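Student: Input file: structure15.pdb. Contents: PDB, N, CA and C atoms and all ligand atoms.
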```
ATOM      1  N   MET A  29    -112.562 128.502 -15.906
ATOM      2  CA  MET A  29    -112.285 128.739 -14.480
ATOM      3  C   MET A  29    -111.577 127.526 -13.881
ATOM      4  N   LYS A  30    -112.207 126.352 -14.051
ATOM      5  CA  LYS A  30    -111.594 125.120 -13.524
ATOM      6  C   LYS A  30    -110.198 124.917 -14.088
ATOM      7  N   LYS A  31    -110.088 125.182 -15.378
ATOM      8  CA  LYS A  31    -108.811 124.937 -16.038
ATOM      9  C   LYS A  31    -107.694 125.799 -15.435
ATOM     10  N   SER A  32    -108.023 127.062 -15.114
ATOM     11  CA  SER A  32    -106.963 127.936 -14.582
ATOM     12  C   SER A  32    -106.544 127.489 -13.181
ATOM     13  N   ILE A  33    -107.487 126.946 -12.416
ATOM     14  CA  ILE A  33    -107.118 126.439 -11.081
ATOM     15  C   ILE A  33    -106.148 125.269 -11.234
ATOM     16  N   ILE A  34    -106.473 124.382 -12.153
ATOM     17  CA  ILE A  34    -105.597 123.226 -12.365
ATOM     18  C   ILE A  34    -104.211 123.680 -12.824
ATOM     19  N   LEU A  35    -104.191 124.673 -13.726
ATOM     20  CA  LEU A  35    -102.898 125.165 -14.208
ATOM     21  C   LEU A  35    -102.069 125.761 -13.079
ATOM     22  N   SER A  36    -102.734 126.550 -12.208
ATOM     23  CA  SER A  36    -101.945 127.186 -11.152
ATOM     24  C   SER A  36    -101.489 126.154 -10.122
ATOM     25  N   LEU A  37    -102.313 125.121  -9.884
ATOM     26  CA  LEU A  37    -101.893 124.047  -8.984
ATOM     27  C   LEU A  37    -100.654 123.345  -9.528
ATOM     28  N   THR A  38    -100.672 123.096 -10.839
ATOM     29  CA  THR A  38     -99.507 122.457 -11.464
ATOM     30  C   THR A  38     -98.268 123.305 -11.242
ATOM     31  N   GLY A  39     -98.444 124.629 -11.358
ATOM     32  CA  GLY A  39     -97.315 125.531 -11.150
ATOM     33  C   GLY A  39     -96.769 125.417  -9.735
ATOM     34  N   VAL A  40     -97.676 125.398  -8.759
ATOM     35  CA  VAL A  40     -97.249 125.298  -7.360
ATOM     36  C   VAL A  40     -96.489 123.991  -7.135
ATOM     37  N   LEU A  41     -97.044 122.895  -7.652
ATOM     38  CA  LEU A  41     -96.391 121.600  -7.473
ATOM     39  C   LEU A  41     -95.017 121.580  -8.124
ATOM     40  N   LEU A  42     -94.928 122.204  -9.277
ATOM     41  CA  LEU A  42     -93.654 122.232  -9.995
ATOM     42  C   LEU A  42     -92.606 122.976  -9.175
ATOM     43  N   VAL A  43     -92.989 124.123  -8.631
ATOM     44  CA  VAL A  43     -92.054 124.917  -7.833
ATOM     45  C   VAL A  43     -91.636 124.141  -6.584
ATOM     46  N   ALA A  44     -92.636 123.505  -5.910
ATOM     47  CA  ALA A  44     -92.326 122.726  -4.715
ATOM     48  C   ALA A  44     -91.362 121.592  -5.065
ATOM     49  N   GLY A  45     -91.629 120.942  -6.174
ATOM     50  CA  GLY A  45     -90.774 119.837  -6.617
ATOM     51  C   GLY A  45     -89.350 120.298  -6.860
ATOM     52  N   LEU A  46     -89.205 121.429  -7.504
ATOM     53  CA  LEU A  46     -87.866 121.970  -7.766
ATOM     54  C   LEU A  46     -87.157 122.311  -6.466
ATOM     55  N   ALA A  47     -87.909 122.894  -5.507
ATOM     56  CA  ALA A  47     -87.313 123.266  -4.229
ATOM     57  C   ALA A  47     -86.803 122.033  -3.505
ATOM     58  N   ILE A  48     -87.594 120.957  -3.535
ATOM     59  CA  ILE A  48     -87.183 119.721  -2.868
ATOM     60  C   ILE A  48     -85.938 119.153  -3.541
ATOM     61  N   ALA A  49     -85.955 119.147  -4.874
ATOM     62  CA  ALA A  49     -84.809 118.613  -5.607
ATOM     63  C   ALA A  49     -83.553 119.413  -5.298
ATOM     64  N   ALA A  50     -83.679 120.747  -5.239
ATOM     65  CA  ALA A  50     -82.527 121.593  -4.957
ATOM     66  C   ALA A  50     -82.034 121.336  -3.536
ATOM     67  N   GLY A  51     -82.965 121.180  -2.584
ATOM     68  CA  GLY A  51     -82.598 120.914  -1.202
ATOM     69  C   GLY A  51     -81.805 119.633  -1.077
ATOM     70  N   CYS A  52     -82.197 118.609  -1.813
ATOM     71  CA  CYS A  52     -81.501 117.332  -1.733
ATOM     72  C   CYS A  52     -80.087 117.434  -2.263
ATOM     73  N   SER A  53     -79.923 118.049  -3.407
ATOM     74  CA  SER A  53     -78.599 118.075  -4.006
ATOM     75  C   SER A  53     -77.662 118.979  -3.212
ATOM     76  N   ALA A  54     -78.221 119.943  -2.448
ATOM     77  CA  ALA A  54     -77.377 120.836  -1.668
ATOM     78  C   ALA A  54     -77.066 120.255  -0.291
ATOM     79  N   GLY A  55     -77.704 119.143   0.065
ATOM     80  CA  GLY A  55     -77.531 118.549   1.386
ATOM     81  C   GLY A  55     -76.122 118.023   1.592
ATOM     82  N   PRO A  56     -75.742 117.807   2.860
ATOM     83  CA  PRO A  56     -74.389 117.358   3.144
ATOM     84  C   PRO A  56     -74.163 115.920   2.670
ATOM     85  N   ALA A  57     -72.983 115.660   2.200
ATOM     86  CA  ALA A  57     -72.661 114.307   1.772
ATOM     87  C   ALA A  57     -72.161 113.513   2.974
ATOM     88  N   GLY A  58     -72.334 112.221   2.936
ATOM     89  CA  GLY A  58     -71.813 111.374   3.997
ATOM     90  C   GLY A  58     -72.720 111.329   5.204
ATOM     91  N   PRO A  59     -72.219 110.827   6.335
ATOM     92  CA  PRO A  59     -73.044 110.656   7.526
ATOM     93  C   PRO A  59     -73.586 111.985   8.046
ATOM     94  N   ASP A  60     -74.772 111.914   8.672
ATOM     95  CA  ASP A  60     -75.450 113.106   9.181
ATOM     96  C   ASP A  60     -75.004 113.352  10.629
ATOM     97  N   GLY A  61     -74.111 114.330  10.823
ATOM     98  CA  GLY A  61     -73.533 114.609  12.132
ATOM     99  C   GLY A  61     -74.568 114.918  13.201
ATOM    100  N   ALA A  62     -75.594 115.688  12.845
ATOM    101  CA  ALA A  62     -76.609 116.078  13.826
ATOM    102  C   ALA A  62     -77.380 114.858  14.328
ATOM    103  N   ALA A  63     -77.768 113.994  13.402
ATOM    104  CA  ALA A  63     -78.530 112.805  13.777
ATOM    105  C   ALA A  63     -77.665 111.851  14.599
ATOM    106  N   LEU A  64     -76.407 111.722  14.195
ATOM    107  CA  LEU A  64     -75.498 110.835  14.921
ATOM    108  C   LEU A  64     -75.243 111.351  16.333
ATOM    109  N   TYR A  65     -75.101 112.654  16.455
ATOM    110  CA  TYR A  65     -74.899 113.267  17.767
ATOM    111  C   TYR A  65     -76.071 112.912  18.696
ATOM    112  N   ALA A  66     -77.280 113.042  18.185
ATOM    113  CA  ALA A  66     -78.464 112.727  18.984
ATOM    114  C   ALA A  66     -78.479 111.246  19.378
ATOM    115  N   GLN A  67     -78.088 110.392  18.446
ATOM    116  CA  GLN A  67     -78.112 108.945  18.681
ATOM    117  C   GLN A  67     -76.993 108.476  19.595
ATOM    118  N   LYS A  68     -75.791 109.007  19.364
ATOM    119  CA  LYS A  68     -74.599 108.429  19.989
ATOM    120  C   LYS A  68     -74.116 109.198  21.203
ATOM    121  N   CYS A  69     -74.488 110.454  21.352
ATOM    122  CA  CYS A  69     -73.972 111.260  22.468
ATOM    123  C   CYS A  69     -75.044 111.541  23.504
ATOM    124  N   LEU A  70     -76.250 111.831  23.032
ATOM    125  CA  LEU A  70     -77.282 112.282  23.963
ATOM    126  C   LEU A  70     -77.856 111.142  24.806
ATOM    127  N   ILE A  71     -77.405 109.916  24.576
ATOM    128  CA  ILE A  71     -77.820 108.843  25.481
ATOM    129  C   ILE A  71     -77.099 108.973  26.824
ATOM    130  N   CYS A  72     -75.898 109.557  26.824
ATOM    131  CA  CYS A  72     -75.156 109.736  28.083
ATOM    132  C   CYS A  72     -75.149 111.191  28.550
ATOM    133  N   HIS A  73     -75.250 112.106  27.627
ATOM    134  CA  HIS A  73     -75.182 113.523  27.983
ATOM    135  C   HIS A  73     -76.495 114.199  27.642
ATOM    136  N   SER A  74     -76.812 115.259  28.402
ATOM    137  CA  SER A  74     -77.986 116.048  28.044
ATOM    138  C   SER A  74     -77.517 117.235  27.208
ATOM    139  N   GLU A  75     -78.426 117.756  26.425
ATOM    140  CA  GLU A  75     -78.109 118.923  25.595
ATOM    141  C   GLU A  75     -77.648 120.081  26.483
ATOM    142  N   SER A  76     -78.239 120.226  27.668
ATOM    143  CA  SER A  76     -77.873 121.357  28.526
ATOM    144  C   SER A  76     -76.471 121.176  29.121
ATOM    145  N   SER A  77     -76.070 119.940  29.404
ATOM    146  CA  SER A  77     -74.707 119.767  29.912
ATOM    147  C   SER A  77     -73.700 119.946  28.777
ATOM    148  N   MET A  78     -74.096 119.562  27.580
ATOM    149  CA  MET A  78     -73.207 119.757  26.425
ATOM    150  C   MET A  78     -72.976 121.238  26.139
ATOM    151  N   ALA A  79     -73.953 122.058  26.512
ATOM    152  CA  ALA A  79     -73.846 123.487  26.238
ATOM    153  C   ALA A  79     -72.712 124.125  27.034
ATOM    154  N   ASN A  80     -72.209 123.423  28.068
ATOM    155  CA  ASN A  80     -71.075 123.940  28.844
ATOM    156  C   ASN A  80     -69.761 123.810  28.082
ATOM    157  N   TYR A  81     -69.790 123.052  27.003
ATOM    158  CA  TYR A  81     -68.549 122.813  26.277
ATOM    159  C   TYR A  81     -68.613 123.450  24.899
ATOM    160  N   ASP A  82     -67.646 124.296  24.647
ATOM    161  CA  ASP A  82     -67.562 124.876  23.312
ATOM    162  C   ASP A  82     -66.093 124.978  22.931
ATOM    163  N   TYR A  83     -65.646 123.982  22.237
ATOM    164  CA  TYR A  83     -64.242 123.962  21.861
ATOM    165  C   TYR A  83     -64.000 124.889  20.686
ATOM    166  N   GLU A  84     -62.813 125.441  20.709
ATOM    167  CA  GLU A  84     -62.423 126.443  19.728
ATOM    168  C   GLU A  84     -62.257 125.835  18.328
ATOM    169  N   THR A  85     -61.532 124.733  18.259
ATOM    170  CA  THR A  85     -61.135 124.201  16.946
ATOM    171  C   THR A  85     -61.774 122.846  16.662
ATOM    172  N   LEU A  86     -61.809 122.505  15.401
ATOM    173  CA  LEU A  86     -62.318 121.198  14.976
ATOM    174  C   LEU A  86     -61.446 120.092  15.556
ATOM    175  N   ALA A  87     -60.130 120.344  15.634
ATOM    176  CA  ALA A  87     -59.210 119.330  16.162
ATOM    177  C   ALA A  87     -59.535 118.994  17.617
ATOM    178  N   GLU A  88     -59.922 120.011  18.404
ATOM    179  CA  GLU A  88     -60.279 119.756  19.801
ATOM    180  C   GLU A  88     -61.561 118.932  19.897
ATOM    181  N   TRP A  89     -62.530 119.255  19.034
ATOM    182  CA  TRP A  89     -63.763 118.458  18.995
ATOM    183  C   TRP A  89     -63.442 117.029  18.606
ATOM    184  N   GLN A  90     -62.594 116.892  17.586
ATOM    185  CA  GLN A  90     -62.256 115.563  17.096
ATOM    186  C   GLN A  90     -61.583 114.756  18.203
ATOM    187  N   ASP A  91     -60.743 115.426  18.963
ATOM    188  CA  ASP A  91     -60.058 114.799  20.078
ATOM    189  C   ASP A  91     -61.054 114.261  21.100
ATOM    190  N   LEU A  92     -62.031 115.072  21.436
ATOM    191  CA  LEU A  92     -63.080 114.666  22.372
ATOM    192  C   LEU A  92     -63.860 113.470  21.821
ATOM    193  N   ILE A  93     -64.276 113.580  20.556
ATOM    194  CA  ILE A  93     -65.064 112.513  19.943
ATOM    195  C   ILE A  93     -64.277 111.206  19.943
ATOM    196  N   ASP A  94     -62.973 111.296  19.694
ATOM    197  CA  ASP A  94     -62.139 110.096  19.696
ATOM    198  C   ASP A  94     -62.107 109.481  21.097
ATOM    199  N   ARG A  95     -62.063 110.337  22.142
ATOM    200  CA  ARG A  95     -62.075 109.810  23.508
ATOM    201  C   ARG A  95     -63.423 109.182  23.829
ATOM    202  N   MET A  96     -64.503 109.801  23.386
ATOM    203  CA  MET A  96     -65.842 109.274  23.673
ATOM    204  C   MET A  96     -66.109 107.979  22.924
ATOM    205  N   GLN A  97     -65.392 107.789  21.831
ATOM    206  CA  GLN A  97     -65.583 106.585  21.007
ATOM    207  C   GLN A  97     -65.281 105.332  21.834
ATOM    208  N   SER A  98     -64.340 105.442  22.757
ATOM    209  CA  SER A  98     -63.963 104.279  23.560
ATOM    210  C   SER A  98     -64.992 103.967  24.642
ATOM    211  N   LYS A  99     -66.000 104.827  24.801
ATOM    212  CA  LYS A  99     -67.026 104.579  25.805
ATOM    213  C   LYS A  99     -68.017 103.525  25.342
ATOM    214  N   GLY A 100     -67.878 103.115  24.106
ATOM    215  CA  GLY A 100     -68.621 101.959  23.660
ATOM    216  C   GLY A 100     -69.981 102.213  23.054
ATOM    217  N   THR A 101     -70.224 103.403  22.514
ATOM    218  CA  THR A 101     -71.497 103.597  21.822
ATOM    219  C   THR A 101     -71.424 103.102  20.401
ATOM    220  N   GLY A 102     -70.219 102.956  19.894
ATOM    221  CA  GLY A 102     -70.067 102.399  18.574
ATOM    222  C   GLY A 102     -70.394 103.343  17.457
ATOM    223  N   TYR A 103     -69.401 104.094  17.033
ATOM    224  CA  TYR A 103     -69.524 104.811  15.770
ATOM    225  C   TYR A 103     -68.201 104.678  15.051
ATOM    226  N   THR A 104     -68.273 104.695  13.753
ATOM    227  CA  THR A 104     -67.069 104.550  12.946
ATOM    228  C   THR A 104     -66.288 105.866  12.977
ATOM    229  N   ASP A 105     -65.038 105.815  12.551
ATOM    230  CA  ASP A 105     -64.223 107.031  12.491
ATOM    231  C   ASP A 105     -64.897 108.078  11.610
ATOM    232  N   GLU A 106     -65.468 107.602  10.506
ATOM    233  CA  GLU A 106     -66.119 108.525   9.574
ATOM    234  C   GLU A 106     -67.318 109.197  10.232
ATOM    235  N   GLU A 107     -68.096 108.417  10.984
ATOM    236  CA  GLU A 107     -69.244 108.989  11.696
ATOM    237  C   GLU A 107     -68.771 109.956  12.777
ATOM    238  N   GLY A 108     -67.684 109.593  13.447
ATOM    239  CA  GLY A 108     -67.110 110.466  14.468
ATOM    240  C   GLY A 108     -66.700 111.814  13.892
ATOM    241  N   GLN A 109     -66.131 111.775  12.697
ATOM    242  CA  GLN A 109     -65.719 113.021  12.039
ATOM    243  C   GLN A 109     -66.931 113.890  11.710
ATOM    244  N   ALA A 110     -68.023 113.238  11.328
ATOM    245  CA  ALA A 110     -69.243 113.997  11.021
ATOM    246  C   ALA A 110     -69.792 114.650  12.290
ATOM    247  N   ILE A 111     -69.728 113.939  13.416
ATOM    248  CA  ILE A 111     -70.207 114.507  14.685
ATOM    249  C   ILE A 111     -69.325 115.695  15.081
ATOM    250  N   ALA A 112     -68.010 115.519  14.979
ATOM    251  CA  ALA A 112     -67.076 116.597  15.338
ATOM    252  C   ALA A 112     -67.352 117.836  14.491
ATOM    253  N   LYS A 113     -67.565 117.618  13.200
ATOM    254  CA  LYS A 113     -67.811 118.724  12.280
ATOM    255  C   LYS A 113     -69.116 119.429  12.657
ATOM    256  N   TYR A 114     -70.147 118.649  12.955
ATOM    257  CA  TYR A 114     -71.434 119.227  13.330
ATOM    258  C   TYR A 114     -71.289 120.069  14.599
ATOM    259  N   LEU A 115     -70.618 119.530  15.626
ATOM    260  CA  LEU A 115     -70.503 120.250  16.892
ATOM    261  C   LEU A 115     -69.640 121.498  16.749
ATOM    262  N   HIS A 116     -68.650 121.419  15.887
ATOM    263  CA  HIS A 116     -67.786 122.565  15.655
ATOM    264  C   HIS A 116     -68.539 123.701  14.951
ATOM    265  N   GLU A 117     -69.384 123.318  14.018
ATOM    266  CA  GLU A 117     -70.036 124.338  13.180
ATOM    267  C   GLU A 117     -71.341 124.878  13.752
ATOM    268  N   ARG A 118     -71.939 124.173  14.676
ATOM    269  CA  ARG A 118     -73.262 124.606  15.146
ATOM    270  C   ARG A 118     -73.186 125.811  16.082
TER     271      ARG A 118
HETATM  272  C1  LIG B 201     -71.443 105.655  27.397
HETATM  273  C2  LIG B 201     -71.645 107.014  27.832
HETATM  274  C3  LIG B 201     -71.052 108.153  27.015
HETATM  275  C4  LIG B 201     -71.242 108.404  25.688
HETATM  276  C5  LIG B 201     -72.030 107.578  24.691
HETATM  277  C6  LIG B 201     -70.580 109.648  25.393
HETATM  278  N1  LIG B 201     -70.017 110.137  26.530
HETATM  279 FE1  LIG B 201     -69.111 111.941  26.755
HETATM  280  N2  LIG B 201     -68.583 111.467  28.647
HETATM  281  C7  LIG B 201     -68.953 110.310  29.325
HETATM  282  C8  LIG B 201     -68.311 110.302  30.642
HETATM  283  C9  LIG B 201     -68.453 109.207  31.695
HETATM  284  C10 LIG B 201     -67.541 111.487  30.738
HETATM  285  C11 LIG B 201     -66.664 111.943  31.910
HETATM  286  C12 LIG B 201     -65.231 112.108  31.555
HETATM  287  C13 LIG B 201     -64.532 110.869  31.074
HETATM  288  O1  LIG B 201     -64.733 109.786  31.595
HETATM  289  O2  LIG B 201     -63.766 111.002  30.091
HETATM  290  C14 LIG B 201     -67.766 112.209  29.486
HETATM  291  C15 LIG B 201     -67.253 113.445  29.184
HETATM  292  C16 LIG B 201     -67.637 114.223  28.123
HETATM  293  C17 LIG B 201     -67.368 115.633  27.964
HETATM  294  C18 LIG B 201     -66.634 116.490  28.970
HETATM  295  C19 LIG B 201     -65.310 116.977  28.522
HETATM  296  C20 LIG B 201     -64.162 116.004  28.682
HETATM  297  O3  LIG B 201     -63.110 116.305  28.087
HETATM  298  O4  LIG B 201     -64.254 114.975  29.371
HETATM  299  C21 LIG B 201     -67.912 116.031  26.777
HETATM  300  C22 LIG B 201     -67.929 117.425  26.172
HETATM  301  C23 LIG B 201     -68.509 114.847  26.167
HETATM  302  N3  LIG B 201     -68.332 113.784  27.007
HETATM  303  C24 LIG B 201     -69.134 114.818  24.920
HETATM  304  C25 LIG B 201     -69.577 113.657  24.292
HETATM  305  C26 LIG B 201     -69.964 113.558  22.894
HETATM  306  C27 LIG B 201     -69.947 114.717  21.917
HETATM  307  C28 LIG B 201     -70.345 112.270  22.674
HETATM  308  C29 LIG B 201     -70.797 111.636  21.369
HETATM  309  C30 LIG B 201     -69.797 111.532  20.331
HETATM  310  C31 LIG B 201     -70.216 111.565  23.936
HETATM  311  N4  LIG B 201     -69.731 112.424  24.874
HETATM  312  C32 LIG B 201     -70.568 110.240  24.139
HETATM  313  C33 LIG B 201     -69.815 109.353  28.852
HETATM  314  C34 LIG B 201     -70.260 109.232  27.537
END
```
Take the structure I supplied and represent it as structure tokens, if you would.

Tutor:
Amino acid sequence: MKKSIILSLTGVLLVAGLAIAAGCSAGPAGPDGAALYAQKCLICHSESSMANYDYETLAEWQDLIDRMQSKGTGYTDEEGQAIAKYLHER
């Protein structure tokens, strides 16, 4: 009885481990746009005011992000691209 519980627990852990491993390898490469958006944009803007803006294309988002970059929150071009991509796709 005890042995079968241990065996099934091992199975559960194995499956969970595989799921975590798969999640990691499928994750986005490079900077995390969502986290950067929260850090670099939401200090000046609220989520509800941002909801008024929905640009059609990635280029328009990128344009906005480039303008906001000069406001002095400090993000690299690469981080800016990740934010633009996140806002475009969400
Ligand atoms: C230091 C404060 C500050 C930060 C940080 C900031 N903004 Fe802004 N944002 C402003 C101000 C002020 C305006 C008003 C228009 C202007 O001055 O360009 C604005 C305008 C906007 C607008 C209105 C549309 C437009 O064309 O002006 C949007 C959308 C926007 N910001 C999104 C963002 C996003 C996304 C980020 C993060 C990458 C960000 N902002 C970071 C201050 C900030």

Student: Rounded to one decimal, what separation in Å do you get between CA of Ala62 in chain A and CA of Met78 in chain A?

Tutor: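 Taking CA of Ala62 in chain A as the start and CA of Met78 in chain A as the end point, the length is 13.6 Å.
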
Student: With distances taken over all atoms listed in the file, which residue among A:Cys69, A:Gly108, A:Glu84, A:Gly102 lies nearest ligand LIG 201 (chain B)?

Tutor: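 Of all the options, A:Cys69 lies closest to ligand LIG 201 (chain B).
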
Student: Select from chain A every residue with an atom at most 10 Å from any atom of ligand LIG 201 (chain B), then for each give the shortest pair of atoms and their distance in Å to one decimal, using only C-alpha atoms and all ligand atoms, rows by chain and rising number, as JSON lines.

Tutor:
```
{"residue": "A:Gly61", "atom": "CA", "partner": "B:LIG201", "partner_atom": "C30", "distance": 9.5}
{"residue": "A:Leu64", "atom": "CA", "partner": "B:LIG201", "partner_atom": "C30", "distance": 7.9}
{"residue": "A:Tyr65", "atom": "CA", "partner": "B:LIG201", "partner_atom": "C29", "distance": 5.7}
{"residue": "A:Ala66", "atom": "CA", "partner": "B:LIG201", "partner_atom": "C29", "distance": 8.1}
{"residue": "A:Gln67", "atom": "CA", "partner": "B:LIG201", "partner_atom": "C29", "distance": 8.2}
{"residue": "A:Lys68", "atom": "CA", "partner": "B:LIG201", "partner_atom": "C29", "distance": 5.2}
{"residue": "A:Cys69", "atom": "CA", "partner": "B:LIG201", "partner_atom": "C29", "distance": 3.4}
{"residue": "A:Leu70", "atom": "CA", "partner": "B:LIG201", "partner_atom": "C29", "distance": 7.0}
{"residue": "A:Ile71", "atom": "CA", "partner": "B:LIG201", "partner_atom": "C5", "distance": 6.0}
{"residue": "A:Cys72", "atom": "CA", "partner": "B:LIG201", "partner_atom": "C2", "distance": 4.4}
{"residue": "A:His73", "atom": "CA", "partner": "B:LIG201", "partner_atom": "N1", "distance": 6.3}
{"residue": "A:Ser74", "atom": "CA", "partner": "B:LIG201", "partner_atom": "C24", "distance": 9.5}
{"residue": "A:Glu75", "atom": "CA", "partner": "B:LIG201", "partner_atom": "C27", "distance": 9.9}
{"residue": "A:Ser77", "atom": "CA", "partner": "B:LIG201", "partner_atom": "C22", "distance": 8.1}
{"residue": "A:Met78", "atom": "CA", "partner": "B:LIG201", "partner_atom": "C22", "distance": 5.8}
{"residue": "A:Ala79", "atom": "CA", "partner": "B:LIG201", "partner_atom": "C22", "distance": 8.5}
{"residue": "A:Asn80", "atom": "CA", "partner": "B:LIG201", "partner_atom": "C22", "distance": 7.7}
{"residue": "A:Tyr81", "atom": "CA", "partner": "B:LIG201", "partner_atom": "C22", "distance": 5.4}
{"residue": "A:Asp82", "atom": "CA", "partner": "B:LIG201", "partner_atom": "C22", "distance": 8.0}
{"residue": "A:Tyr83", "atom": "CA", "partner": "B:LIG201", "partner_atom": "C22", "distance": 8.7}
{"residue": "A:Glu88", "atom": "CA", "partner": "B:LIG201", "partner_atom": "O3", "distance": 9.4}
{"residue": "A:Trp89", "atom": "CA", "partner": "B:LIG201", "partner_atom": "C27", "distance": 7.8}
{"residue": "A:Gln90", "atom": "CA", "partner": "B:LIG201", "partner_atom": "C27", "distance": 9.1}
{"residue": "A:Asp91", "atom": "CA", "partner": "B:LIG201", "partner_atom": "O3", "distance": 8.7}
{"residue": "A:Leu92", "atom": "CA", "partner": "B:LIG201", "partner_atom": "O3", "distance": 5.9}
{"residue": "A:Ile93", "atom": "CA", "partner": "B:LIG201", "partner_atom": "C30", "distance": 4.8}
{"residue": "A:Asp94", "atom": "CA", "partner": "B:LIG201", "partner_atom": "C30", "distance": 7.8}
{"residue": "A:Arg95", "atom": "CA", "partner": "B:LIG201", "partner_atom": "O2", "distance": 6.9}
{"residue": "A:Met96", "atom": "CA", "partner": "B:LIG201", "partner_atom": "C32", "distance": 4.8}
{"residue": "A:Gln97", "atom": "CA", "partner": "B:LIG201", "partner_atom": "C30", "distance": 6.5}
{"residue": "A:Ser98", "atom": "CA", "partner": "B:LIG201", "partner_atom": "C1", "distance": 8.5}
{"residue": "A:Lys99", "atom": "CA", "partner": "B:LIG201", "partner_atom": "C1", "distance": 4.8}
{"residue": "A:Gly100", "atom": "CA", "partner": "B:LIG201", "partner_atom": "C1", "distance": 6.0}
{"residue": "A:Thr101", "atom": "CA", "partner": "B:LIG201", "partner_atom": "C5", "distance": 4.9}
{"residue": "A:Gly102", "atom": "CA", "partner": "B:LIG201", "partner_atom": "C5", "distance": 8.3}
{"residue": "A:Tyr103", "atom": "CA", "partner": "B:LIG201", "partner_atom": "C30", "distance": 8.1}
{"residue": "A:Glu107", "atom": "CA", "partner": "B:LIG201", "partner_atom": "C30", "distance": 9.0}
{"residue": "A:Gly108", "atom": "CA", "partner": "B:LIG201", "partner_atom": "C30", "distance": 6.5}
{"residue": "A:Gln109", "atom": "CA", "partner": "B:LIG201", "partner_atom": "C30", "distance": 9.4}
{"residue": "A:Ala110", "atom": "CA", "partner": "B:LIG201", "partner_atom": "C30", "distance": 9.6}
{"residue": "A:Ile111", "atom": "CA", "partner": "B:LIG201", "partner_atom": "C30", "distance": 6.4}
{"residue": "A:Ala112", "atom": "CA", "partner": "B:LIG201", "partner_atom": "C27", "distance": 7.4}
{"residue": "A:Tyr114", "atom": "CA", "partner": "B:LIG201", "partner_atom": "C27", "distance": 9.8}
{"residue": "A:Leu115", "atom": "CA", "partner": "B:LIG201", "partner_atom": "C27", "distance": 7.5}
```

Student: With 6 Å on each side, where is the centre of the axis-aligned box around all listed atoms of range 61-79 of chain A, and how long are its edges in Å to one decimal, as JSON?

Tutor:
```
{"center_x": -75.6, "center_y": 116.3, "center_z": 20.4, "size_x": 17.8, "size_y": 27.7, "size_z": 31.1}
```

Student: What is the distance between atom C of Thr104 in chain A and atom N of Ser76 in chain A, in Å to one decimal?

Tutor: 23.8 Å

Student: Would you mind reading off the distance between atom N of Pro59 in chain A and CA of Asp105 in chain A, one decimal, in Å?

Tutor: 10.8 Å
